>>> print(open('my_file_1.pdb').read())   # PDB, C-alpha atoms and all ligand atoms
ATOM      1  CA  PHE A 287      94.743  99.631 145.615
ATOM      2  CA  VAL A 288      97.407 100.289 142.981
ATOM      3  CA  ALA A 289      98.012 103.953 143.815
ATOM      4  CA  PRO A 290     100.560 103.417 146.631
ATOM      5  CA  LEU A 291     102.454 100.707 144.722
ATOM      6  CA  THR A 292     105.531 101.218 142.565
ATOM      7  CA  PRO A 293     106.792  99.086 139.655
ATOM      8  CA  ALA A 294     109.966  98.420 141.655
ATOM      9  CA  GLN A 295     107.940  96.615 144.345
ATOM     10  CA  CYS A 296     106.018  94.151 142.232
ATOM     11  CA  LYS A 297     104.548  93.284 138.896
ATOM     12  CA  LEU A 298     100.735  93.269 138.644
ATOM     13  CA  LYS A 299      98.472  90.435 137.538
ATOM     14  CA  VAL A 300      95.095  91.189 135.966
ATOM     15  CA  GLY A 301      92.820  88.162 136.020
ATOM     16  CA  PHE A 302      89.549  87.796 134.230
ATOM     17  CA  GLU A 303      87.425  89.026 137.167
ATOM     18  CA  LEU A 304      89.062  92.437 136.864
ATOM     19  CA  PHE A 305      89.353  92.345 133.085
ATOM     20  CA  VAL A 306      85.641  91.628 132.634
ATOM     21  CA  ALA A 307      84.754  94.413 135.070
ATOM     22  CA  ALA A 308      87.251  97.096 134.066
ATOM     23  CA  GLY A 309      88.322  96.172 130.531
ATOM     24  CA  PRO A 310      91.406  96.817 128.412
ATOM     25  CA  GLU A 311      91.489 100.531 129.236
ATOM     26  CA  PHE A 312      92.328  99.709 132.856
ATOM     27  CA  VAL A 313      95.166  97.462 131.699
ATOM     28  CA  ARG A 314      96.496 100.333 129.581
ATOM     29  CA  GLN A 315      96.401 102.574 132.658
ATOM     30  CA  LEU A 316      98.549 100.103 134.585
ATOM     31  CA  THR A 317     101.114  99.736 131.800
ATOM     32  CA  GLY A 318     101.018 103.522 131.419
ATOM     33  CA  ARG A 319     102.138 103.800 135.067
ATOM     34  CA  GLY A 320     105.149 101.660 134.219
ATOM     35  CA  PHE A 321     103.953  98.352 135.678
ATOM     36  CA  ASP A 322     104.779  95.010 134.092
ATOM     37  CA  VAL A 323     101.326  93.443 133.731
ATOM     38  CA  PHE A 324     100.630  89.715 133.582
ATOM     39  CA  LEU A 325      97.297  89.466 131.751
ATOM     40  CA  ASP A 326      96.061  86.187 133.239
ATOM     41  CA  LEU A 327      93.156  85.342 130.927
ATOM     42  CA  LYS A 328      94.129  81.655 130.431
ATOM     43  CA  PHE A 329      92.945  81.329 126.852
ATOM     44  CA  HIS A 330      91.583  77.874 125.984
ATOM     45  CA  ASP A 331      89.829  77.467 122.628
ATOM     46  CA  ILE A 332      90.512  76.337 119.074
ATOM     47  CA  PRO A 333      93.917  77.391 117.683
ATOM     48  CA  ASN A 334      92.621  80.205 115.445
ATOM     49  CA  THR A 335      90.608  81.831 118.240
ATOM     50  CA  VAL A 336      93.421  81.611 120.783
ATOM     51  CA  ALA A 337      95.931  83.008 118.290
ATOM     52  CA  SER A 338      93.706  86.026 117.607
ATOM     53  CA  ALA A 339      93.112  86.594 121.325
ATOM     54  CA  CYS A 340      96.868  86.458 122.028
ATOM     55  CA  LYS A 341      97.569  88.991 119.309
ATOM     56  CA  ALA A 342      94.906  91.330 120.723
ATOM     57  CA  ALA A 343      96.299  90.908 124.243
ATOM     58  CA  ALA A 344      99.807  91.692 123.004
ATOM     59  CA  GLY A 345      98.428  94.965 121.623
ATOM     60  CA  LEU A 346      97.765  96.112 125.201
ATOM     61  CA  GLY A 347     101.509  96.284 125.845
ATOM     62  CA  VAL A 348     101.441  93.704 128.629
ATOM     63  CA  TRP A 349     104.484  91.838 129.903
ATOM     64  CA  MET A 350     103.053  88.320 129.993
ATOM     65  CA  ILE A 351      99.985  86.403 128.753
ATOM     66  CA  ASN A 352      98.877  82.794 129.092
ATOM     67  CA  VAL A 353      96.922  79.932 127.564
ATOM     68  CA  HIS A 354      95.952  76.504 128.899
ATOM     69  CA  ALA A 355      98.485  73.808 127.960
ATOM     70  CA  SER A 356      95.627  71.275 127.828
ATOM     71  CA  GLY A 357      94.496  73.091 124.665
ATOM     72  CA  GLY A 358      97.273  71.106 122.995
ATOM     73  CA  ALA A 359     100.403  71.636 120.920
ATOM     74  CA  LYS A 360      98.589  72.957 117.865
ATOM     75  CA  MET A 361      96.856  75.635 119.905
ATOM     76  CA  MET A 362     100.043  76.665 121.726
ATOM     77  CA  THR A 363     102.015  76.800 118.477
ATOM     78  CA  ALA A 364      99.308  79.002 116.916
ATOM     79  CA  ALA A 365      99.507  81.320 119.929
ATOM     80  CA  ARG A 366     103.287  81.559 119.637
ATOM     81  CA  GLU A 367     103.147  82.194 115.894
ATOM     82  CA  ALA A 368     100.541  84.937 116.410
ATOM     83  CA  LEU A 369     103.124  86.885 118.422
ATOM     84  CA  GLN A 370     105.783  86.701 115.713
ATOM     85  CA  GLY A 371     106.321  90.146 114.251
ATOM     86  CA  VAL A 372     104.747  91.855 117.283
ATOM     87  CA  GLU A 373     107.020  94.585 118.599
ATOM     88  CA  ASN A 374     108.105  93.787 122.190
ATOM     89  CA  PRO A 375     105.964  90.645 122.367
ATOM     90  CA  PRO A 376     104.735  89.526 125.784
ATOM     91  CA  LYS A 377     106.085  86.385 127.386
ATOM     92  CA  LEU A 378     103.777  83.525 126.517
ATOM     93  CA  ILE A 379     103.265  80.817 129.126
ATOM     94  CA  ALA A 380     100.813  77.948 129.629
ATOM     95  CA  VAL A 381      98.825  76.788 132.641
ATOM     96  CA  THR A 382      99.558  73.143 133.498
ATOM     97  CA  VAL A 383      97.361  71.868 136.356
ATOM     98  CA  LEU A 384      95.545  74.547 138.353
ATOM     99  CA  THR A 385      97.058  74.937 141.812
ATOM    100  CA  SER A 386      93.606  74.496 143.346
ATOM    101  CA  MET A 387      93.500  70.896 142.109
ATOM    102  CA  ASP A 388      94.583  67.886 144.125
ATOM    103  CA  GLN A 389      94.725  64.241 143.037
ATOM    104  CA  ALA A 390      90.990  63.650 143.605
ATOM    105  CA  GLN A 391      89.877  66.723 141.661
ATOM    106  CA  LEU A 392      92.207  65.872 138.795
ATOM    107  CA  ALA A 393      90.835  62.321 138.721
ATOM    108  CA  GLY A 394      87.354  63.831 138.545
ATOM    109  CA  THR A 395      88.257  65.410 135.208
ATOM    110  CA  GLY A 396      89.211  61.996 133.812
ATOM    111  CA  VAL A 397      92.984  62.363 134.267
ATOM    112  CA  SER A 398      94.313  59.424 136.260
ATOM    113  CA  ALA A 399      97.894  60.731 136.597
ATOM    114  CA  GLU A 400      99.134  62.339 139.819
ATOM    115  CA  PRO A 401      99.185  66.179 139.575
ATOM    116  CA  VAL A 402     102.998  66.138 139.486
ATOM    117  CA  GLN A 403     103.037  63.728 136.529
ATOM    118  CA  GLN A 404     100.416  65.690 134.622
ATOM    119  CA  VAL A 405     102.282  68.953 135.280
ATOM    120  CA  GLN A 406     105.482  67.367 133.959
ATOM    121  CA  HIS A 407     103.702  66.088 130.846
ATOM    122  CA  LEU A 408     102.041  69.440 130.073
ATOM    123  CA  ALA A 409     105.225  71.400 130.801
ATOM    124  CA  GLN A 410     107.172  69.231 128.328
ATOM    125  CA  LEU A 411     104.438  69.839 125.751
ATOM    126  CA  THR A 412     104.611  73.582 126.440
ATOM    127  CA  ALA A 413     108.389  73.641 126.052
ATOM    128  CA  SER A 414     108.304  71.655 122.819
ATOM    129  CA  SER A 415     105.659  74.075 121.491
ATOM    130  CA  GLY A 416     108.180  76.888 121.946
ATOM    131  CA  LEU A 417     106.513  78.814 124.775
ATOM    132  CA  ASP A 418     108.462  80.718 127.417
ATOM    133  CA  GLY A 419     107.296  78.789 130.453
ATOM    134  CA  VAL A 420     104.438  77.487 132.539
ATOM    135  CA  VAL A 421     102.113  78.222 135.410
ATOM    136  CA  CYS A 422     102.555  75.422 137.950
ATOM    137  CA  SER A 423     102.674  75.080 141.711
ATOM    138  CA  ALA A 424     105.947  75.710 143.502
ATOM    139  CA  GLN A 425     105.784  72.066 144.610
ATOM    140  CA  GLU A 426     106.644  71.030 141.041
ATOM    141  CA  ALA A 427     109.293  73.714 140.497
ATOM    142  CA  ALA A 428     112.458  71.801 141.412
ATOM    143  CA  MET A 429     111.500  68.898 139.129
ATOM    144  CA  LEU A 430     110.675  71.227 136.214
ATOM    145  CA  ARG A 431     113.769  73.370 136.717
ATOM    146  CA  GLN A 432     115.947  70.277 136.421
ATOM    147  CA  ALA A 433     114.051  68.901 133.410
ATOM    148  CA  LEU A 434     113.602  72.119 131.408
ATOM    149  CA  GLY A 435     116.573  74.304 132.332
ATOM    150  CA  GLU A 436     117.278  77.693 133.827
ATOM    151  CA  ASP A 437     115.616  79.826 131.141
ATOM    152  CA  PHE A 438     112.190  78.190 131.285
ATOM    153  CA  LEU A 439     109.811  80.403 133.273
ATOM    154  CA  LEU A 440     108.090  78.840 136.280
ATOM    155  CA  VAL A 441     105.284  81.125 137.429
ATOM    156  CA  THR A 442     103.717  79.900 140.644
ATOM    157  CA  PRO A 443     100.400  80.772 142.268
ATOM    158  CA  GLY A 444      99.347  78.911 145.403
ATOM    159  CA  ILE A 445     101.809  80.971 147.440
ATOM    160  CA  ARG A 446     100.890  81.321 151.075
ATOM    161  CA  PRO A 447     103.058  83.239 153.555
ATOM    162  CA  THR A 448     103.248  81.385 156.868
ATOM    163  CA  GLY A 449      99.998  81.741 158.808
ATOM    164  CA  SER A 450      97.850  82.872 155.883
ATOM    165  CA  ASP A 451      94.634  81.138 154.916
ATOM    166  CA  GLN A 452      95.020  78.432 152.252
ATOM    167  CA  GLY A 453      91.521  79.122 150.862
ATOM    168  CA  ASP A 454      90.735  77.038 147.767
ATOM    169  CA  GLN A 455      94.390  76.371 146.912
ATOM    170  CA  SER A 456      95.631  72.777 147.230
ATOM    171  CA  ARG A 457      99.295  72.746 146.188
ATOM    172  CA  VAL A 458     100.864  75.536 148.227
ATOM    173  CA  MET A 459     104.258  76.763 149.421
ATOM    174  CA  THR A 460     105.565  79.823 151.269
ATOM    175  CA  PRO A 461     107.441  82.496 149.282
ATOM    176  CA  ALA A 462     110.798  81.396 150.719
ATOM    177  CA  GLN A 463     110.122  77.702 149.972
ATOM    178  CA  ALA A 464     109.117  78.632 146.408
ATOM    179  CA  LYS A 465     112.313  80.575 145.890
ATOM    180  CA  ALA A 466     114.399  77.695 147.217
ATOM    181  CA  ALA A 467     112.595  75.382 144.783
ATOM    182  CA  GLY A 468     113.733  77.533 141.865
ATOM    183  CA  VAL A 469     110.594  79.388 140.757
ATOM    184  CA  SER A 470     110.897  82.415 138.461
ATOM    185  CA  TYR A 471     107.967  84.385 139.871
ATOM    186  CA  VAL A 472     105.566  83.974 142.778
ATOM    187  CA  VAL A 473     101.907  84.945 142.318
ATOM    188  CA  VAL A 474     100.287  86.175 145.520
ATOM    189  CA  GLY A 475      96.639  87.207 145.527
ATOM    190  CA  ARG A 476      94.423  87.166 148.606
ATOM    191  CA  PRO A 477      97.215  87.207 151.223
ATOM    192  CA  ILE A 478      97.916  90.703 149.839
ATOM    193  CA  THR A 479      94.573  91.908 148.470
ATOM    194  CA  GLN A 480      92.612  90.945 151.585
ATOM    195  CA  ALA A 481      95.179  92.133 154.094
ATOM    196  CA  VAL A 482      94.449  95.090 156.349
ATOM    197  CA  ASP A 483      97.756  96.579 155.165
ATOM    198  CA  PRO A 484      98.572  95.189 151.690
ATOM    199  CA  GLN A 485     101.742  97.293 151.389
ATOM    200  CA  ALA A 486     103.150  95.761 154.566
ATOM    201  CA  VAL A 487     102.542  92.242 153.235
ATOM    202  CA  ILE A 488     104.326  93.075 149.971
ATOM    203  CA  VAL A 489     107.278  94.500 151.877
ATOM    204  CA  GLN A 490     107.434  91.366 154.056
ATOM    205  CA  ILE A 491     107.256  89.010 151.059
ATOM    206  CA  ASN A 492     109.998  90.940 149.271
ATOM    207  CA  ALA A 493     112.116  90.711 152.430
ATOM    208  CA  ASP A 494     111.492  86.937 152.646
ATOM    209  CA  LEU A 495     112.517  86.563 148.997
ATOM    210  CA  ALA A 496     115.651  88.650 149.462
TER     211      ALA A 496
HETATM  212  O1  LIG B 501      96.991  77.356 138.603
HETATM  213  C1  LIG B 501      96.623  78.516 138.833
HETATM  214  C2  LIG B 501      96.549  79.488 137.851
HETATM  215  C3  LIG B 501      96.187  80.759 138.188
HETATM  216  N1  LIG B 501      95.874  81.088 139.459
HETATM  217  C4  LIG B 501      95.500  82.480 139.752
HETATM  218  O2  LIG B 501      96.459  83.049 140.662
HETATM  219  C5  LIG B 501      95.814  83.838 141.635
HETATM  220  C6  LIG B 501      96.059  83.254 142.989
HETATM  221  O3  LIG B 501      95.331  83.983 143.944
HETATM  222  P1  LIG B 501      95.363  83.633 145.492
HETATM  223  O4  LIG B 501      94.362  84.587 146.072
HETATM  224  O5  LIG B 501      96.773  83.903 145.975
HETATM  225  O6  LIG B 501      94.980  82.211 145.676
HETATM  226  C7  LIG B 501      94.327  83.890 141.250
HETATM  227  O7  LIG B 501      94.110  85.055 140.477
HETATM  228  C8  LIG B 501      94.133  82.666 140.375
HETATM  229  O8  LIG B 501      93.157  82.885 139.370
HETATM  230  C9  LIG B 501      95.935  80.136 140.436
HETATM  231  O9  LIG B 501      95.654  80.397 141.620
HETATM  232  N2  LIG B 501      96.334  78.873 140.096
END
>>> encode(input="my_file_1.pdb", output="structure tokens")
Amino acid sequence: FVAPLTPAQCKLKVGFELFVAAGPEFVRQLTGRGFDVFLDLKFHDIPNTVASACKAAAGLGVWMINVHASGGAKMMTAAREALQGVENPPKLIAVTVLTSMDQAQLAGTGVSAEPVQQVQHLAQLTASSGLDGVVCSAQEAAMLRQALGEDFLLVTPGIRPTGSDQGDQSRVMTPAQAKAAGVSYVVVGRPITQAVDPQAVIVQINADLA
């Protein structure tokens, strides 16, 4: 899948399905080919464990790593501090509310706030913990851009080019809508990986974004 791609076309995200199957050596191969790799392992544990995991992830030479903001300020601060002194540290961001979740699913976890309110709350907590940005849906991007400024990274899954299957995602936008809303990066999985011609989809998305 990766062979025909170039680092100029896209960054690559390695989630835990691939990481569990292929391991850190595969990540090293991708960085060795010059790709910026987002290691999307969404750490969520006690502060000491998450800090150690972040430091180990940084050792793979990846571009970006993430934790869950719902792990709390102490956990996020420990993660940030673990990267101090690391040469070329990865960007450290936090997942707010998974883009697959709607109001009903969020309520099912015991959170009575609307997704947009909970995203805002967790993004503020992430910013005050000194992280570089958040994972959110593009639907929340304009609100967060205004509240947290131009430098705060907004990384947005739940991106669906017009006509593509929504699948299990709830809070979705097209690439062009996401860009207009002020996102930093779009994350696109199945619309590319399950396409008959993945390269063509990447080219089209890049054209839409340009
Ligand atoms: O809130 C989140 C956080 C992470 N993801 C991840 O992004 C991709 C999206 O894949 P699609 O196939 O485009 O739906 C996937 O790896 C998720 O684990 C997310 O979707 N939402």
>>> closest_atom_pairs(input="my_file_1.pdb", of="stretch 390-472 of chain A", to="stretch 298-311 of chain A", cutoff="12 Å", atoms="only C-alpha atoms", output="tab-separated table")
residue	atom	partner	partner_atom	distance
A:Val441	CA	A:Lys299	CA	11.5
A:Pro443	CA	A:Lys299	CA	10.9
A:Tyr471	CA	A:Lys299	CA	11.5
A:Val472	CA	A:Lys299	CA	10.9
>>> write_last_selection(input="my_file_1.pdb", atoms="C-alpha atoms", output="PDB file, in the coordinates of the input")
ATOM      1  CA  VAL A 441     105.284  81.125 137.429  1.00  0.00           C
ATOM      2  CA  PRO A 443     100.400  80.772 142.268  1.00  0.00           C
ATOM      3  CA  TYR A 471     107.967  84.385 139.871  1.00  0.00           C
ATOM      4  CA  VAL A 472     105.566  83.974 142.778  1.00  0.00           C
TER       5      VAL A 472
END
>>> atom_distance(input="my_file_1.pdb", atom1="atom CA of A:Cys422", atom2="atom CA of A:Gln490")
23.2 Å
>>> residues_near_ligand(input="my_file_1.pdb", ligand="ligand LIG 501 (chain B)", cutoff="8 Å", atoms="all atoms listed in the file", output="compact mmCIF listing (two decimals) with C-alpha atoms, in the coordinates of the input")
# COMPACT_ATOMS: atom_id res chain seq x y z
CA LYS A 299 98.47 90.44 137.54
CA VAL A 300 95.10 91.19 135.97
CA GLY A 301 92.82 88.16 136.02
CA PHE A 302 89.55 87.80 134.23
CA ASP A 326 96.06 86.19 133.24
CA VAL A 381 98.82 76.79 132.64
CA THR A 382 99.56 73.14 133.50
CA VAL A 383 97.36 71.87 136.36
CA LEU A 384 95.54 74.55 138.35
CA THR A 385 97.06 74.94 141.81
CA SER A 386 93.61 74.50 143.35
CA VAL A 421 102.11 78.22 135.41
CA CYS A 422 102.56 75.42 137.95
CA SER A 423 102.67 75.08 141.71
CA THR A 442 103.72 79.90 140.64
CA PRO A 443 100.40 80.77 142.27
CA GLY A 444 99.35 78.91 145.40
CA ILE A 445 101.81 80.97 147.44
CA ARG A 446 100.89 81.32 151.07
CA GLN A 452 95.02 78.43 152.25
CA GLY A 453 91.52 79.12 150.86
CA ASP A 454 90.74 77.04 147.77
CA GLN A 455 94.39 76.37 146.91
CA VAL A 473 101.91 84.94 142.32
CA VAL A 474 100.29 86.18 145.52
CA GLY A 475 96.64 87.21 145.53
CA ARG A 476 94.42 87.17 148.61
CA PRO A 477 97.22 87.21 151.22
CA ILE A 478 97.92 90.70 149.84
CA THR A 479 94.57 91.91 148.47
>>> closest_residue(input="my_file_1.pdb", among="A:Leu316, A:Leu417, A:Ile491, A:Ala393", to="A:Val353", atoms="only C-alpha atoms")
A:Leu417
>>> residues_around(input="my_file_1.pdb", residues="A:Phe321", least_positions_apart="4", cutoff="12 Å", atoms="all atoms listed in the file", output="list in words")
Val288, Ala289, Leu291, Thr292, Pro293, Ala294, Gln295, Cys296, Lys297, Leu298, Lys299, Val300, Val313, Arg314, Gln315, Leu316, Thr317, Leu325, Gly347, Val348, Trp349 and Met350 of chain A
>>> write_last_selection(input="my_file_1.pdb", atoms="C-alpha atoms", output="PDB file, in the coordinates of the input")
ATOM      1  CA  VAL A 288      97.407 100.289 142.981  1.00  0.00           C
ATOM      2  CA  ALA A 289      98.012 103.953 143.815  1.00  0.00           C
ATOM      3  CA  LEU A 291     102.454 100.707 144.722  1.00  0.00           C
ATOM      4  CA  THR A 292     105.531 101.218 142.565  1.00  0.00           C
ATOM      5  CA  PRO A 293     106.792  99.086 139.655  1.00  0.00           C
ATOM      6  CA  ALA A 294     109.966  98.420 141.655  1.00  0.00           C
ATOM      7  CA  GLN A 295     107.940  96.615 144.345  1.00  0.00           C
ATOM      8  CA  CYS A 296     106.018  94.151 142.232  1.00  0.00           C
ATOM      9  CA  LYS A 297     104.548  93.284 138.896  1.00  0.00           C
ATOM     10  CA  LEU A 298     100.735  93.269 138.644  1.00  0.00           C
ATOM     11  CA  LYS A 299      98.472  90.435 137.538  1.00  0.00           C
ATOM     12  CA  VAL A 300      95.095  91.189 135.966  1.00  0.00           C
ATOM     13  CA  VAL A 313      95.166  97.462 131.699  1.00  0.00           C
ATOM     14  CA  ARG A 314      96.496 100.333 129.581  1.00  0.00           C
ATOM     15  CA  GLN A 315      96.401 102.574 132.658  1.00  0.00           C
ATOM     16  CA  LEU A 316      98.549 100.103 134.585  1.00  0.00           C
ATOM     17  CA  THR A 317     101.114  99.736 131.800  1.00  0.00           C
ATOM     18  CA  LEU A 325      97.297  89.466 131.751  1.00  0.00           C
ATOM     19  CA  GLY A 347     101.509  96.284 125.845  1.00  0.00           C
ATOM     20  CA  VAL A 348     101.441  93.704 128.629  1.00  0.00           C
ATOM     21  CA  TRP A 349     104.484  91.838 129.903  1.00  0.00           C
ATOM     22  CA  MET A 350     103.053  88.320 129.993  1.00  0.00           C
TER      23      MET A 350
END
>>> atom_distance(input="my_file_1.pdb", atom1="atom CA of A:Ala368", atom2="atom CA of A:Asp418")
14.2 Å
>>> atom_distance(input="my_file_1.pdb", atom1="atom CA of A:Ser414", atom2="atom CA of A:Leu434")
10.1 Å
>>> residues_around(input="my_file_1.pdb", residues="stretch 333-342 of chain A", least_positions_apart="2", cutoff="7 Å", atoms="all atoms listed in the file", output="PyMOL selection string")
chain A and resi 329-331+344-345+360-361+364-365+368-369
>>> closest_residue(input="my_file_1.pdb", among="A:Met362, A:Ile351, A:Gly394, A:Ser356", to="A:Pro376", atoms="all atoms listed in the file")
A:Ile351
>>> closest_residue(input="my_file_1.pdb", among="A:Lys377, A:Arg366, A:Lys328, A:Arg431", to="A:His354", atoms="all atoms listed in the file")
A:Lys328
>>> resolve_selection(input="my_file_1.pdb", expression="the PyMOL selection byres (((chain A and resi 439) around 8) and not hetatm)", output="list in words")
Ile379, Asp418, Gly419, Val420, Glu436, Asp437, Phe438, Leu440, Val441, Val469, Ser470 and Tyr471 of chain A
>>> write_last_selection(input="my_file_1.pdb", atoms="C-alpha atoms", output="PDB file, in the frame of the given file")
ATOM      1  CA  ILE A 379     103.265  80.817 129.126  1.00  0.00           C
ATOM      2  CA  ASP A 418     108.462  80.718 127.417  1.00  0.00           C
ATOM      3  CA  GLY A 419     107.296  78.789 130.453  1.00  0.00           C
ATOM      4  CA  VAL A 420     104.438  77.487 132.539  1.00  0.00           C
ATOM      5  CA  GLU A 436     117.278  77.693 133.827  1.00  0.00           C
ATOM      6  CA  ASP A 437     115.616  79.826 131.141  1.00  0.00           C
ATOM      7  CA  PHE A 438     112.190  78.190 131.285  1.00  0.00           C
ATOM      8  CA  LEU A 440     108.090  78.840 136.280  1.00  0.00           C
ATOM      9  CA  VAL A 441     105.284  81.125 137.429  1.00  0.00           C
ATOM     10  CA  VAL A 469     110.594  79.388 140.757  1.00  0.00           C
ATOM     11  CA  SER A 470     110.897  82.415 138.461  1.00  0.00           C
ATOM     12  CA  TYR A 471     107.967  84.385 139.871  1.00  0.00           C
TER      13      TYR A 471
END
>>> closest_residue(input="my_file_1.pdb", among="A:Gln389, A:Val489, A:Gln406, A:Gln480", to="A:Met429", atoms="only C-alpha atoms")
A:Gln406
